[in-house]
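Peer 1: What follows is a structure written as structure tokens; I'll ask about it next.
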Amino acid sequence: MTSSGSSLIQMVEAQVEPPYPLDYEVRALREIATELGKKDWNYNENPCNNKSSWFTPPPPPNVPEAINNSTVTCNCSFPNGECHIDGMLTRTSTKWVYCSFTRH
């Protein structure tokens, strides 16, 4: 308590892990990875957390991009709290591949 009787509250930002996407979406990523020969995705990690092998942050200015760039994007704004994979951009040793996932 301060001398005026009010309390000091310290705000701490909590980071909440997004929900894991549905199994069939992750299976689709496995199939794509097999076709592309990608071996750097860790299926034990959540592809929607932007902190794992599923996300390669952009390089700083004047620095070349990583050869094994992998970025999976998710939409976690569904009313029921689900996350769905909505896109993937990946670079293999020979090509860039972009897939857009849509729900029907």
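Chain labels A, B, ... are given in the sequence in which chains occur in the structure tokens; within each chain residues are numbered consecutively from 1, and ligands are likewise numbered from 1 in the order shown.
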I want to know what sits within 8 Å of range 87-90 of chain A, based on only C-alpha atoms, with residues of the same chain fewer than 4 positions away left out; could you give that as a PyMOL selection string?

Peer 2: chain A and resi 68-74+96-101

Peer 1: So that I have them on file, write out the residues from the current selection with N, CA and C atoms, as a PDB file, in the first residue's frame.

Peer 2:
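Writing done, so here's result-v7.pdb:
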```pdb
ATOM      1  N   ASN A  68      15.526 -22.875 -45.512  1.00  0.00           N
ATOM      2  CA  ASN A  68      14.417 -23.730 -45.102  1.00  0.00           C
ATOM      3  C   ASN A  68      13.328 -22.927 -44.402  1.00  0.00           C
ATOM      4  N   ASN A  69      12.878 -21.867 -45.059  1.00  0.00           N
ATOM      5  CA  ASN A  69      11.815 -21.036 -44.513  1.00  0.00           C
ATOM      6  C   ASN A  69      10.532 -21.850 -44.424  1.00  0.00           C
ATOM      7  N   SER A  70       9.867 -21.797 -43.294  1.00  0.00           N
ATOM      8  CA  SER A  70       8.583 -22.474 -43.106  1.00  0.00           C
ATOM      9  C   SER A  70       7.687 -21.579 -42.276  1.00  0.00           C
ATOM     10  N   THR A  71       6.562 -21.223 -42.805  1.00  0.00           N
ATOM     11  CA  THR A  71       5.618 -20.426 -42.049  1.00  0.00           C
ATOM     12  C   THR A  71       4.223 -20.973 -42.269  1.00  0.00           C
ATOM     13  N   VAL A  72       3.607 -21.424 -41.189  1.00  0.00           N
ATOM     14  CA  VAL A  72       2.226 -21.885 -41.209  1.00  0.00           C
ATOM     15  C   VAL A  72       1.413 -20.807 -40.511  1.00  0.00           C
ATOM     16  N   THR A  73       0.324 -20.385 -41.145  1.00  0.00           N
ATOM     17  CA  THR A  73      -0.532 -19.373 -40.535  1.00  0.00           C
ATOM     18  C   THR A  73      -1.848 -20.020 -40.117  1.00  0.00           C
ATOM     19  N   CYS A  74      -2.400 -19.511 -39.036  1.00  0.00           N
ATOM     20  CA  CYS A  74      -3.642 -20.045 -38.495  1.00  0.00           C
ATOM     21  C   CYS A  74      -4.628 -18.916 -38.241  1.00  0.00           C
ATOM     22  N   TRP A  96       9.813 -22.327 -53.838  1.00  0.00           N
ATOM     23  CA  TRP A  96       8.868 -21.783 -52.875  1.00  0.00           C
ATOM     24  C   TRP A  96       7.520 -22.435 -53.106  1.00  0.00           C
ATOM     25  N   VAL A  97       6.816 -22.745 -52.044  1.00  0.00           N
ATOM     26  CA  VAL A  97       5.494 -23.350 -52.165  1.00  0.00           C
ATOM     27  C   VAL A  97       4.552 -22.587 -51.235  1.00  0.00           C
ATOM     28  N   TYR A  98       3.401 -22.168 -51.777  1.00  0.00           N
ATOM     29  CA  TYR A  98       2.376 -21.532 -50.959  1.00  0.00           C
ATOM     30  C   TYR A  98       1.087 -22.315 -51.111  1.00  0.00           C
ATOM     31  N   CYS A  99       0.464 -22.640 -50.013  1.00  0.00           N
ATOM     32  CA  CYS A  99      -0.837 -23.311 -50.020  1.00  0.00           C
ATOM     33  C   CYS A  99      -1.791 -22.482 -49.190  1.00  0.00           C
ATOM     34  N   SER A 100      -2.976 -22.282 -49.716  1.00  0.00           N
ATOM     35  CA  SER A 100      -4.014 -21.613 -48.962  1.00  0.00           C
ATOM     36  C   SER A 100      -5.065 -22.648 -48.615  1.00  0.00           C
ATOM     37  N   PHE A 101      -5.387 -22.754 -47.345  1.00  0.00           N
ATOM     38  CA  PHE A 101      -6.373 -23.732 -46.890  1.00  0.00           C
ATOM     39  C   PHE A 101      -7.702 -22.996 -46.751  1.00  0.00           C
TER      40      PHE A 101
END
```

Peer 1: I want to know what sits within 12 Å of Lys51 in chain A, based on only C-alpha atoms, with residues of the same chain fewer than 4 positions away left out; could you give that as number ranges by chain?

Peer 2: A: 15, 17-18, 42, 45-47, 55-57, 70-73

Peer 1: Those residues you just picked out, can you put them in a file as a PDB file, in the first residue's frame with N, CA and C atoms?

Peer 2:
```pdb
ATOM      1  N   GLN A  15       0.790 -14.886 -21.869  1.00  0.00           N
ATOM      2  CA  GLN A  15       0.659 -15.373 -23.221  1.00  0.00           C
ATOM      3  C   GLN A  15      -0.054 -16.711 -23.173  1.00  0.00           C
ATOM      4  N   GLU A  17      -1.378 -20.029 -24.968  1.00  0.00           N
ATOM      5  CA  GLU A  17      -1.100 -20.911 -26.102  1.00  0.00           C
ATOM      6  C   GLU A  17      -2.379 -21.101 -26.903  1.00  0.00           C
ATOM      7  N   PRO A  18      -2.334 -20.889 -28.227  1.00  0.00           N
ATOM      8  CA  PRO A  18      -3.545 -21.114 -29.021  1.00  0.00           C
ATOM      9  C   PRO A  18      -3.908 -22.594 -29.044  1.00  0.00           C
ATOM     10  N   ASN A  42       8.232 -30.055 -36.625  1.00  0.00           N
ATOM     11  CA  ASN A  42       8.112 -30.863 -35.420  1.00  0.00           C
ATOM     12  C   ASN A  42       6.621 -31.034 -35.114  1.00  0.00           C
ATOM     13  N   GLU A  45       4.901 -30.068 -31.740  1.00  0.00           N
ATOM     14  CA  GLU A  45       4.667 -28.669 -31.418  1.00  0.00           C
ATOM     15  C   GLU A  45       3.391 -28.184 -32.097  1.00  0.00           C
ATOM     16  N   ASN A  46       2.778 -27.187 -31.515  1.00  0.00           N
ATOM     17  CA  ASN A  46       1.566 -26.591 -32.064  1.00  0.00           C
ATOM     18  C   ASN A  46       1.937 -25.723 -33.269  1.00  0.00           C
ATOM     19  N   PRO A  47       1.417 -26.043 -34.461  1.00  0.00           N
ATOM     20  CA  PRO A  47       1.758 -25.235 -35.633  1.00  0.00           C
ATOM     21  C   PRO A  47       1.168 -23.828 -35.598  1.00  0.00           C
ATOM     22  N   PHE A  55       7.271 -21.767 -37.902  1.00  0.00           N
ATOM     23  CA  PHE A  55       7.293 -20.337 -38.190  1.00  0.00           C
ATOM     24  C   PHE A  55       8.734 -19.859 -38.310  1.00  0.00           C
ATOM     25  N   THR A  56       9.056 -19.239 -39.428  1.00  0.00           N
ATOM     26  CA  THR A  56      10.367 -18.633 -39.620  1.00  0.00           C
ATOM     27  C   THR A  56      10.159 -17.126 -39.667  1.00  0.00           C
ATOM     28  N   PRO A  57      10.633 -16.390 -38.676  1.00  0.00           N
ATOM     29  CA  PRO A  57      10.428 -14.944 -38.698  1.00  0.00           C
ATOM     30  C   PRO A  57      11.180 -14.313 -39.866  1.00  0.00           C
ATOM     31  N   SER A  70       9.867 -21.797 -43.294  1.00  0.00           N
ATOM     32  CA  SER A  70       8.583 -22.474 -43.106  1.00  0.00           C
ATOM     33  C   SER A  70       7.687 -21.579 -42.276  1.00  0.00           C
ATOM     34  N   THR A  71       6.562 -21.223 -42.805  1.00  0.00           N
ATOM     35  CA  THR A  71       5.618 -20.426 -42.049  1.00  0.00           C
ATOM     36  C   THR A  71       4.223 -20.973 -42.269  1.00  0.00           C
ATOM     37  N   VAL A  72       3.607 -21.424 -41.189  1.00  0.00           N
ATOM     38  CA  VAL A  72       2.226 -21.885 -41.209  1.00  0.00           C
ATOM     39  C   VAL A  72       1.413 -20.807 -40.511  1.00  0.00           C
ATOM     40  N   THR A  73       0.324 -20.385 -41.145  1.00  0.00           N
ATOM     41  CA  THR A  73      -0.532 -19.373 -40.535  1.00  0.00           C
ATOM     42  C   THR A  73      -1.848 -20.020 -40.117  1.00  0.00           C
TER      43      THR A  73
END
```

Peer 1: Which one is closest to Asn75 in chain A: A:Pro21, A:Trp54, A:Lys39, A:Ala28? Count only C-alpha atoms.

Peer 2: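 Of A:Pro21, A:Trp54, A:Lys39, A:Ala28, the one nearest Asn75 in chain A is A:Pro21, counting only C-alpha atoms.
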
Peer 1: If we count only C-alpha atoms, what is near Tyr24 in chain A at a cut-off of 12 Å, once residues fewer than 6 positions away on the same chain are taken out, given as a VMD selection string?

Peer 2: chain A and resid 30 to 31 84 to 85 101
